[in-house]
Protein chains: 2
Amino acid sequence: MSSELATTPGGRFEPRWARRAAAAGNVPFGGERAALSLAYGFPDPALFPYAELAVAAGRVLHDPSKGAAALQYGKLQGVPSLLSMLASKLSHDEGLTIQPDSLLITGGSSGAIGLAARSLVDEGDTVLVEAPSFTGAMNMFRRTGAELRSLPMGPDGIDVAGAEAALDALHIRGIRPRVLYTMPTFHNPTGLTLSEAQRGALLGMARRYNLIVIEDDAYRDLYYDGQQGALPQSLYALDREGRVIRTGTFSKILAPGLRLGWALAQPEIINKMLLLKEEGASTPFAQQVVVEYGRDGVLMSHIAMLVDAYRQKRDTMLDALERFFPAEASWTRPAGGFYVWVTLPASVDPAALASHAREEGVDYVRGESCYCEQPSQPGTRLRLCFSMLRLDDIEEAVKRLGHAIYSFM
Amino acid sequence: MSSELATTPGGRFEPRWARRAAAAGNVPFGGERAALSLAYGFPDPALFPYAELAVAAGRVLHDPSKGAAALQYGKLQGVPSLLSMLASKLSHDEGLTIQPDSLLITGGSSGAIGLAARSLVDEGDTVLVEAPSFTGAMNMFRRTGAELRSLPMGPDGIDVAGAEAALDALHIRGIRPRVLYTMPTFHNPTGLTLSEAQRGALLGMARRYNLIVIEDDAYRDLYYDGQQGALPQSLYALDREGRVIRTGTFSKILAPGLRLGWALAQPEIINKMLLLKEEGASTPFAQQVVVEYGRDGVLMSHIAMLVDAYRQKRDTMLDALERFFPAEASWTRPAGGFYVWVTLPASVDPAALASHAREEGVDYVRGESCYCEQPSQPGTRLRLCFSMLRLDDIEEAVKRLGHAIYSFM
């Protein structure tokens with residue numbers, strides 16, 4: 001019998017956490033938002049198709065077979081009609097032939113990234129991410145017990161030559177990463193997009209260093225500067241070896257509250273990820289509603305409307321940055337997605353600026369949180385999200401943030 | 001640069017799995033069901049409140065503030081109004097005072113069990129389960145890298161004296177389990193319920209051996225032989241140390257396709273589990289619909305209707321077993337839940353019986369799959385679920401299964 005009782009003097013039990021839990025930091029998305037928040041990558045709730053989703057929900061629940069499928073336990077991989085709809089959309093987007101057995105419906109794309117991480121990463125493994133990268137994904141990799149190492153980014157996304165040099169340096173030290181997590185299209189937080197040539201180079205690097213690539217492609221549909229066909233193909237589409245797991249989501253193109261995303265990968269990988277899916281099928285009710293909503297091209301028309309609306313928001317933010325930010329600041333001009341990445345002189349103290357901005361009623365994501373290692377280039381960086389606020393609020397937020405920055409110049 | 005290319009001769013990449021993924025068995029819930037299936041613990045789809053949920057979904061989506069909350073990213077812990085509703089129901093059920101900060105909304109109760117497992121179990125740890133136990137939960141513990149050891153059950157659930165002897169034997173071998181997973185009420189697969197005295201003894205054992213207890217309480221509302229107040233209190237209610245994580249679900253009392261369950265535990269544990277929740281909030285859309293549906297006691301009336309319907313199904317199955325099963329068979333008489341546990345002489349070959357039953361159009365869960373170690377008592381065991389089929393189909397399924405069994409006598 002054990003004599004070590006894990007109770008405090010007051011008699012309260014104190015659990016001994018698993019290492020992955022003990023290492024977990026603070027609650028993600030904690031704290032209250034500022035009045036004018038440029039922090040979170042939330043879609044604009046004014047753009048959700050409320051009435052259409054209500055009609056779809058009613059149709060599903062009043063149809064005996066759809067209703068029963070919506071409310072019963074569903075296939076772990078996903079509702080077959082949603083898998084078909086998605087396979088057909090993703091095939092059409094890039095001129096591919098995607099079969100439903102290459103897809104897994106997940107709880108948002110974070111659910112897909114989490115499953116990929118748990119399928120592929122053991123405690124002590126090294127995972128490669130971009131510098132900077134998406135904090136939420138980095139946390140999920142950390143919680144599998146992985147060490148994170150970063151690869152450099154240039155003006156158009158990941159710097160493949162620099163990445164190879166970094167990988168060589170790791171290999172010399174006996175560190176052999178197995179997984180690369182990358183966002184080649186409308187990157188979070190920088191907004192940058194990798195050219196097709198560099199995508200080929202990246203896949204060559206993945207082959208030479210034997211990496212599996214997790215391609216986070218949450219924003220591809222939200223391209224503001226041309227037709228979909230003008231975008232470089234996804235890494236998944238360019239890959240010939242089955243080395244890429246591409247993740248996507250309905251959160252940015254429909255509604256995050258449905259919590260539906262997906263993984264697209266070779267079926268062997270899909271089957272393995274599925275085994276680690278603890279919560280069962282991702283809400284069959286929401287899946288059926290999306291299928292019903294998405295009939296007859298309605299989803300594609302909705303996306304076209306979103307592209308127009310978010311393009312205006314991006315343009316408004318870029319205009320406001322020109323007007324209200326000092327000449328010492330520089331920023332990216334994203335062709336899609338939700339984010340502008342601002343670089344300020346290193347003399348601007350990040351904590352003091354965040355605090356000053358808060359007093360002005362503005363918040364944003366501090367650049368430091370987007371790096372797993374000290375960045376090689378000096379500077380204070382901010383991720384500004386233009387998706388959620390109204391146009392006049394975007395302008396006002398950037399104006400106030402500009403005032404805050406000037407006070408440090 | 002690595003020379004070990006993980007590509008097959010045909011050029012196809014073969015991932016190197018994380019150990020937890022490599023060890024994962026086959027796809028859960030695989031294969032087609034028989035025409036008359038007694039296998040899965042699915043609620044009867046004829047009992048889902050389709051029209052009421054359609055009204056609730058319409059109300060949510062047509063109300064500006066509820067609609068926006070339903071479709072946006074939500075609080076990771078859960079939608080506040082659902083947390084309050086659930087805290088109030090669980091408080092009322094057992095005369096407790098439960099605060100919303102003790103609750104986490106999860107993807108079914110399997111989502112809660114998975115999060116508890118990942119929060120508490122490291123690779124190589126030992127987790128205690130009952131013999132027999134719920135296969136789905138055992139698989140989740142295995143996938144955290146745990147070894148499973150089983151504790152004996154008697155005619156009324158876990159045999160606490162036998163369990164202490166088993167724990168002493170493990171301690172002597174240097175094995176110190178930290179987690180006990182138990183289903184004291186309407187146990188899956190046996191249908192048994194632990195007495196209140198034995199619950200106290202179990203908590204004493206948990207204290208002496210310093211165990212955290214995961215109490216899977218998916219079926220408590222479905223009590224067929226008396227008022228709720230006549231049931232022994234949950235381990236969570238009896239515990240004075242904060243040593244119990246109690247999990248529950250809307251799957252059995254409302255609809256599994258909403259994928260909503262919960263964990264109830266001290267707030268420190270809730271906060272830790274929340275950090276490992278990769279998929280974000282559990283479908284805010286479904287949470288809002290449940291809140292809207294559940295106003296004015298509608299959920300409690302629905303549960304009362306379910307209790308009457310499932311009681312009839314249980315009685316029908318027990319009557320059919322008396323009529324169609326041989327005298328050598330014995331079975332439990334559950335006071336609630338979904339399952340009857342049948343024991344046949346060891347001379348009945350489990351694989352041959354399953355195959356014969358399939359030919360008769362009947363399937364069930366084979367008892368062997370519910371044990372993590374060889375059971376100490378001989379016998380061939382079957383879990384029969386009475387929840388999903390119509391009354392006449394329950395009778396027909398038991399009749400056919402009885403025929404199959406007689407052929408082995």
# chains A, B, ... in the order shown; residues from 1 in each chain; ligands from 1
$ interface_residues --of "chain A" --to "chain B" --cutoff "6 Å" --atoms "only C-alpha atoms" --output "JSON, numbers by chain"
{"A": [1, 2, 5, 11, 12, 13, 17, 18, 21, 27, 45, 50, 54, 58, 61, 68, 70, 71, 72, 73, 107, 110, 111, 114, 119, 120, 121, 122, 209, 210, 241, 242, 243, 255, 256, 257, 258, 259, 275, 278, 279, 283, 284, 285]}
$ select_by_dssp --residues "stretch 144-381 of chain B" --states "strand (DSSP E or B)" --output "number ranges by chain"
B: 147-154, 157-158, 179-182, 212-216, 223, 244-249, 261-264, 330-331, 336, 339-344, 362-363, 365-366, 380-381
$ atom_distance --atom1 "atom CA of B:Val291" --atom2 "atom CA of B:Gln77"
15.2 Å
$ residues_around --residues "B:Ser234" --least-positions-apart "2" --cutoff "10 Å" --atoms "only C-alpha atoms" --output "number ranges by chain"
B: 94, 183-185, 194, 196, 199, 215-217, 220, 231-232, 236-239, 244, 246
$ residues_around --residues "A:Tyr339" --least-positions-apart "4" --cutoff "9 Å" --atoms "only C-alpha atoms" --output "list in words"
Gly41, Phe186, His187, Asn188, Pro189, Thr190, Gly191, Arg314, Thr332, Arg333, Pro334, Arg383, Leu384, Cys385, Phe386 and Ser387 of chain A
$ select_by_dssp --residues "stretch 110-349 of chain B" --states "alpha helix (DSSP H)" --output "NGL selection string"
:B and (110-120 or 135-143 or 160-172 or 196-208 or 235-238 or 267-275 or 284-293 or 298-324)
$ atom_distance --atom1 "atom CA of B:Glu322" --atom2 "atom CA of B:Gln374"
28.5 Å
$ atom_distance --atom1 "atom CA of A:Leu180" --atom2 "atom CA of A:Cys372"
13.7 Å
$ residues_around --residues "A:Val129" --least-positions-apart "5" --cutoff "10 Å" --atoms "only C-alpha atoms" --output "compact mmCIF listing (two decimals) with all heavy atoms, in the first residue's frame"
# COMPACT_ATOMS: atom_id res chain seq x y z
N PHE A 134 2.26 29.50 -36.55
CA PHE A 134 0.97 29.63 -35.87
C PHE A 134 1.09 29.05 -34.45
O PHE A 134 1.37 27.87 -34.27
CB PHE A 134 -0.10 28.90 -36.69
CG PHE A 134 -1.44 28.71 -36.03
CD1 PHE A 134 -2.05 29.73 -35.32
CD2 PHE A 134 -2.11 27.50 -36.15
CE1 PHE A 134 -3.30 29.54 -34.73
CE2 PHE A 134 -3.36 27.30 -35.56
CZ PHE A 134 -3.95 28.33 -34.85
N ALA A 137 -0.83 25.79 -33.43
CA ALA A 137 -0.26 24.54 -33.94
C ALA A 137 1.03 24.21 -33.18
O ALA A 137 1.26 23.05 -32.81
CB ALA A 137 0.01 24.66 -35.43
N MET A 138 1.87 25.22 -32.93
CA MET A 138 3.11 24.95 -32.19
C MET A 138 2.79 24.34 -30.83
O MET A 138 3.45 23.40 -30.38
CB MET A 138 3.93 26.23 -32.04
CG MET A 138 4.55 26.67 -33.37
SD MET A 138 5.88 27.92 -33.19
CE MET A 138 4.96 29.36 -32.69
N PHE A 141 2.00 20.65 -31.16
CA PHE A 141 3.22 19.83 -31.33
C PHE A 141 3.97 19.71 -30.01
O PHE A 141 4.44 18.64 -29.64
CB PHE A 141 4.12 20.40 -32.42
CG PHE A 141 3.56 20.22 -33.80
CD1 PHE A 141 3.14 21.31 -34.55
CD2 PHE A 141 3.42 18.95 -34.34
CE1 PHE A 141 2.60 21.13 -35.81
CE2 PHE A 141 2.89 18.76 -35.59
CZ PHE A 141 2.46 19.86 -36.34
N LEU A 148 10.61 21.94 -30.81
CA LEU A 148 10.38 22.69 -32.05
C LEU A 148 11.66 23.36 -32.50
O LEU A 148 12.39 23.94 -31.68
CB LEU A 148 9.30 23.75 -31.85
CG LEU A 148 7.92 23.24 -31.41
CD1 LEU A 148 6.93 24.41 -31.38
CD2 LEU A 148 7.42 22.16 -32.35
N ARG A 149 11.94 23.29 -33.80
CA ARG A 149 13.04 24.04 -34.41
C ARG A 149 12.47 24.81 -35.57
O ARG A 149 11.58 24.32 -36.26
CB ARG A 149 14.13 23.08 -34.93
CG ARG A 149 14.75 22.23 -33.86
CD ARG A 149 15.61 23.07 -32.94
NE ARG A 149 16.07 22.27 -31.82
CZ ARG A 149 17.08 22.63 -31.05
NH1 ARG A 149 17.72 23.79 -31.26
NH2 ARG A 149 17.45 21.86 -30.06
N SER A 150 13.03 26.00 -35.80
CA SER A 150 12.41 26.81 -36.84
C SER A 150 13.28 26.90 -38.08
O SER A 150 14.50 26.82 -38.02
CB SER A 150 12.06 28.18 -36.30
OG SER A 150 13.19 28.83 -35.82
N LEU A 151 12.59 27.08 -39.19
CA LEU A 151 13.23 27.27 -40.49
C LEU A 151 12.99 28.72 -40.90
O LEU A 151 11.92 29.27 -40.64
CB LEU A 151 12.62 26.32 -41.52
CG LEU A 151 12.76 24.82 -41.18
CD1 LEU A 151 12.12 23.98 -42.28
CD2 LEU A 151 14.23 24.44 -41.01
N PRO A 152 13.98 29.32 -41.56
CA PRO A 152 13.86 30.75 -41.88
C PRO A 152 12.85 31.01 -42.99
O PRO A 152 12.65 30.18 -43.87
CB PRO A 152 15.27 31.11 -42.34
CG PRO A 152 15.86 29.82 -42.84
CD PRO A 152 15.26 28.74 -41.99
N ILE A 158 8.73 30.43 -46.85
CA ILE A 158 9.87 29.68 -46.34
C ILE A 158 11.06 29.82 -47.31
O ILE A 158 10.89 29.80 -48.52
CB ILE A 158 9.46 28.19 -46.12
CG1 ILE A 158 10.38 27.50 -45.13
CG2 ILE A 158 9.38 27.44 -47.42
CD1 ILE A 158 9.80 26.18 -44.60
N VAL A 179 9.09 15.73 -39.11
CA VAL A 179 7.85 16.42 -39.49
C VAL A 179 8.14 17.90 -39.72
O VAL A 179 8.83 18.54 -38.93
CB VAL A 179 6.79 16.28 -38.36
CG1 VAL A 179 5.55 17.10 -38.68
CG2 VAL A 179 6.42 14.81 -38.15
N LEU A 180 7.60 18.41 -40.83
CA LEU A 180 7.62 19.86 -41.10
C LEU A 180 6.19 20.35 -41.16
O LEU A 180 5.36 19.81 -41.91
CB LEU A 180 8.31 20.12 -42.45
CG LEU A 180 8.10 21.50 -43.07
CD1 LEU A 180 8.65 22.62 -42.19
CD2 LEU A 180 8.74 21.57 -44.46
N TYR A 181 5.90 21.36 -40.36
CA TYR A 181 4.58 22.00 -40.38
C TYR A 181 4.73 23.33 -41.11
O TYR A 181 5.53 24.18 -40.70
CB TYR A 181 4.09 22.22 -38.94
CG TYR A 181 2.88 23.13 -38.85
CD1 TYR A 181 1.61 22.67 -39.21
CD2 TYR A 181 3.00 24.45 -38.43
CE1 TYR A 181 0.50 23.50 -39.16
CE2 TYR A 181 1.88 25.29 -38.36
CZ TYR A 181 0.64 24.81 -38.72
OH TYR A 181 -0.44 25.63 -38.67
N THR A 182 3.98 23.52 -42.18
CA THR A 182 4.16 24.72 -43.01
C THR A 182 2.83 25.26 -43.53
O THR A 182 1.87 24.51 -43.70
CB THR A 182 5.12 24.41 -44.20
OG1 THR A 182 5.26 25.58 -45.01
CG2 THR A 182 4.57 23.29 -45.08
N MET A 183 2.80 26.56 -43.75
CA MET A 183 1.62 27.22 -44.32
C MET A 183 2.05 27.99 -45.56
O MET A 183 2.32 29.19 -45.50
CB MET A 183 1.02 28.18 -43.29
CG MET A 183 0.37 27.47 -42.11
SD MET A 183 0.08 28.58 -40.71
CE MET A 183 1.78 28.77 -40.14
N ILE A 214 3.21 18.59 -43.06
CA ILE A 214 1.83 18.96 -42.72
C ILE A 214 1.61 20.36 -43.30
O ILE A 214 2.24 21.33 -42.89
CB ILE A 214 1.61 18.96 -41.19
CG1 ILE A 214 1.90 17.56 -40.63
CG2 ILE A 214 0.19 19.40 -40.86
CD1 ILE A 214 1.86 17.47 -39.11
N TYR A 371 7.15 32.73 -32.48
CA TYR A 371 8.47 32.14 -32.72
C TYR A 371 8.76 31.08 -31.66
O TYR A 371 8.52 31.31 -30.48
CB TYR A 371 9.57 33.20 -32.64
CG TYR A 371 9.54 34.21 -33.77
CD1 TYR A 371 8.85 35.42 -33.63
CD2 TYR A 371 10.20 33.95 -34.97
CE1 TYR A 371 8.82 36.34 -34.66
CE2 TYR A 371 10.19 34.88 -36.00
CZ TYR A 371 9.49 36.07 -35.84
OH TYR A 371 9.47 36.99 -36.87
N CYS A 372 9.33 29.96 -32.08
CA CYS A 372 9.75 28.94 -31.10
C CYS A 372 11.21 29.13 -30.72
O CYS A 372 11.68 28.52 -29.76
CB CYS A 372 9.50 27.54 -31.63
SG CYS A 372 10.51 27.11 -33.04
$ residues_around --residues "A:Arg381" --least-positions-apart "6" --cutoff "9 Å" --atoms "only C-alpha atoms" --output "VMD selection string"
chain A and resid 341 to 346 350 365 to 368
$ residues_around --residues "B:Val362" --least-positions-apart "6" --cutoff "8 Å" --atoms "only C-alpha atoms" --output "number ranges by chain"
B: 34-38, 397, 400-401
$ closest_residue --among "B:Gly162, B:Gly174, B:Gly78, B:Gly337" --to "B:Gln198" --atoms "only C-alpha atoms"
B:Gly162
$ decode --residues "stretch 185-196 of chain A" --atoms "all heavy atoms" --output "short mmCIF file (atom, residue, chain, number, x, y, z; two decimals), in the first residue's frame"
data_model
loop_
_atom_site.label_atom_id
_atom_site.label_comp_id
_atom_site.auth_asym_id
_atom_site.auth_seq_id
_atom_site.Cartn_x
_atom_site.Cartn_y
_atom_site.Cartn_z
N THR A 185 0.50 29.00 -48.17
CA THR A 185 -0.45 29.90 -48.83
C THR A 185 -1.12 30.80 -47.80
O THR A 185 -1.80 30.31 -46.89
CB THR A 185 -1.52 29.05 -49.57
OG1 THR A 185 -0.84 28.10 -50.41
CG2 THR A 185 -2.43 29.93 -50.41
N PHE A 186 -0.92 32.13 -47.97
CA PHE A 186 -1.52 33.10 -47.03
C PHE A 186 -1.17 32.72 -45.59
O PHE A 186 -2.03 32.53 -44.72
CB PHE A 186 -3.04 33.21 -47.23
CG PHE A 186 -3.45 33.27 -48.67
CD1 PHE A 186 -4.58 32.61 -49.15
CD2 PHE A 186 -2.71 34.01 -49.59
CE1 PHE A 186 -4.95 32.67 -50.47
CE2 PHE A 186 -3.07 34.09 -50.93
CZ PHE A 186 -4.20 33.41 -51.37
N HIS A 187 0.11 32.61 -45.40
CA HIS A 187 0.72 32.14 -44.16
C HIS A 187 0.23 32.92 -42.93
O HIS A 187 0.03 34.12 -42.99
CB HIS A 187 2.25 32.33 -44.32
CG HIS A 187 3.07 31.95 -43.14
ND1 HIS A 187 3.48 32.88 -42.21
CD2 HIS A 187 3.58 30.77 -42.76
CE1 HIS A 187 4.22 32.27 -41.29
NE2 HIS A 187 4.31 30.99 -41.61
N ASN A 188 0.06 32.19 -41.85
CA ASN A 188 -0.28 32.77 -40.55
C ASN A 188 0.98 32.74 -39.70
O ASN A 188 1.49 31.65 -39.43
CB ASN A 188 -1.39 31.93 -39.93
CG ASN A 188 -1.74 32.34 -38.52
OD1 ASN A 188 -1.19 33.31 -37.97
ND2 ASN A 188 -2.66 31.60 -37.90
N PRO A 189 1.55 33.83 -39.28
CA PRO A 189 1.00 35.19 -39.22
C PRO A 189 1.44 36.14 -40.35
O PRO A 189 1.02 37.29 -40.33
CB PRO A 189 1.61 35.69 -37.91
CG PRO A 189 2.98 35.08 -37.88
CD PRO A 189 2.80 33.71 -38.49
N THR A 190 2.25 35.75 -41.30
CA THR A 190 2.86 36.77 -42.17
C THR A 190 2.01 37.15 -43.39
O THR A 190 2.26 38.19 -44.01
CB THR A 190 4.23 36.31 -42.71
OG1 THR A 190 4.04 35.19 -43.57
CG2 THR A 190 5.18 35.95 -41.58
N GLY A 191 1.07 36.29 -43.79
CA GLY A 191 0.31 36.56 -45.00
C GLY A 191 1.02 36.20 -46.29
O GLY A 191 0.47 36.38 -47.38
N LEU A 192 2.26 35.68 -46.21
CA LEU A 192 3.06 35.41 -47.41
C LEU A 192 2.62 34.12 -48.11
O LEU A 192 2.04 33.24 -47.50
CB LEU A 192 4.54 35.30 -47.03
CG LEU A 192 5.14 36.54 -46.36
CD1 LEU A 192 6.58 36.26 -45.91
CD2 LEU A 192 5.09 37.74 -47.32
N THR A 193 2.95 34.05 -49.39
CA THR A 193 2.63 32.87 -50.20
C THR A 193 3.87 32.41 -50.96
O THR A 193 4.54 33.22 -51.61
CB THR A 193 1.49 33.19 -51.19
OG1 THR A 193 0.31 33.47 -50.43
CG2 THR A 193 1.21 32.03 -52.14
N LEU A 194 4.17 31.15 -50.84
CA LEU A 194 5.35 30.55 -51.48
C LEU A 194 5.10 30.34 -52.97
O LEU A 194 4.02 29.89 -53.36
CB LEU A 194 5.62 29.20 -50.80
CG LEU A 194 6.99 28.56 -50.98
CD1 LEU A 194 8.09 29.42 -50.35
CD2 LEU A 194 6.99 27.16 -50.36
N SER A 195 6.10 30.65 -53.79
CA SER A 195 5.96 30.46 -55.24
C SER A 195 5.93 28.96 -55.57
O SER A 195 6.39 28.13 -54.80
CB SER A 195 7.13 31.10 -55.96
OG SER A 195 8.32 30.37 -55.68
N GLU A 196 5.43 28.66 -56.77
CA GLU A 196 5.35 27.25 -57.16
C GLU A 196 6.75 26.64 -57.28
O GLU A 196 6.97 25.48 -56.90
CB GLU A 196 4.56 27.09 -58.46
CG GLU A 196 4.24 25.64 -58.76
CD GLU A 196 2.88 25.43 -59.42
OE1 GLU A 196 1.94 26.22 -59.17
OE2 GLU A 196 2.75 24.47 -60.18
#
